Amino acid sequence: MEVKRLHPECISCMTKVHLEKCPEGISEDRKVEYMQRVLKVLSEAPGRYGAPVIVRTIQQIQDEMFGMKQDYAEIKKHYNQVMMNHEEQVNRKLAQSSDSVRTGIQYAMIGNYIDFGARINVNEEQLTELLNNSDRFDIDEKQYAEFVDDLSNARKLVYLTDNCGEIVMDKLLIREIKKKYPDLKVTVLVRGAE
């Protein structure tokens with residue numbers, strides 16, 4: 001059975017974000033050409049593709065049409081520091097939690113807010129608000145039960161991390177998984193540019 005990673009909400013979000021990423025001052029005709037190419041990529045993407053795979057192709061179109069190589073080095077450094085500044089607070093919450101893996105997942109979900117491919121603006125105040133209210137993030141109970149069952153029976157776990165601050169929350173979740181399942185061998189992969 002093929003895993004579906006592409007959802008209607010992803011298509012809608014990527015369309016909106018990439019329209020907003022058009023450089024200022026370009027003609028309407030050029031915007032239309034760009035968006036038609038973006039929509040072609042989105043319409044032809046297999047359902048098994050996740051947003052990062054699709055966005056890479058869209059970024060190639062941006063570079064080809066507008067010379068828009070995006071350099072996230074400084075912003076990544078900044079948001080890594082922002083998240084490390086919250087690490088002690090998150091560690092306290094994890095230590096107090098009756099299910100630290102679940103709580104770790106909630107924080108990893110919050111970390112996904114820091115996504116400059118999916119958002120035009122990431123707001124630090126909003127991020128802090130999310131971190132302060134992590135318990136409001138719902139986790140699908142059936143999926144969580146299946147995940148815990150898989151962890152209980154697995155010998156290995158491959159964890160694909162995010163970057164740009166999100167990786168701090170991924171690190172904490174991985175630590176909690178290792179505490180609860182000490183015999184589990186965890187391999188961590190980090191996405192990067194080619």
# chains A, B, ... in the order shown; residues from 1 in each chain; ligands from 1
>>> select_by_dssp(residues="range 3-180 of chain A", states="helix (DSSP H, G or I)", output="ChimeraX atom specification")
/A:8-20,28-44,51-66,73-96,100-111,124-132,134-136,141-153,166-180
>>> residues_around(residues="Leu6 in chain A", least_positions_apart="6", cutoff="8 Å", atoms="only C-alpha atoms", output="JSON, numbers by chain")
{"A": [46, 47, 48, 49, 50, 51]}
>>> atom_distance(atom1="CA of Cys13 in chain A", atom2="CA of Ser27 in chain A")
22.9 Å
>>> residues_around(residues="range 159-164 of chain A", least_positions_apart="6", cutoff="12 Å", atoms="only C-alpha atoms", output="JSON, numbers by chain")
{"A": [52, 71, 72, 73, 74, 75, 76, 77, 78, 79, 80, 81, 82, 83, 84, 108, 109, 110, 111, 112, 113, 114, 115, 116, 117, 122, 170, 171, 172, 173, 174, 175, 177, 178, 184, 185, 186, 187, 188, 189, 190, 191, 192, 193]}
>>> atom_distance(atom1="CA of Tyr107 in chain A", atom2="CA of Leu131 in chain A")
7.1 Å
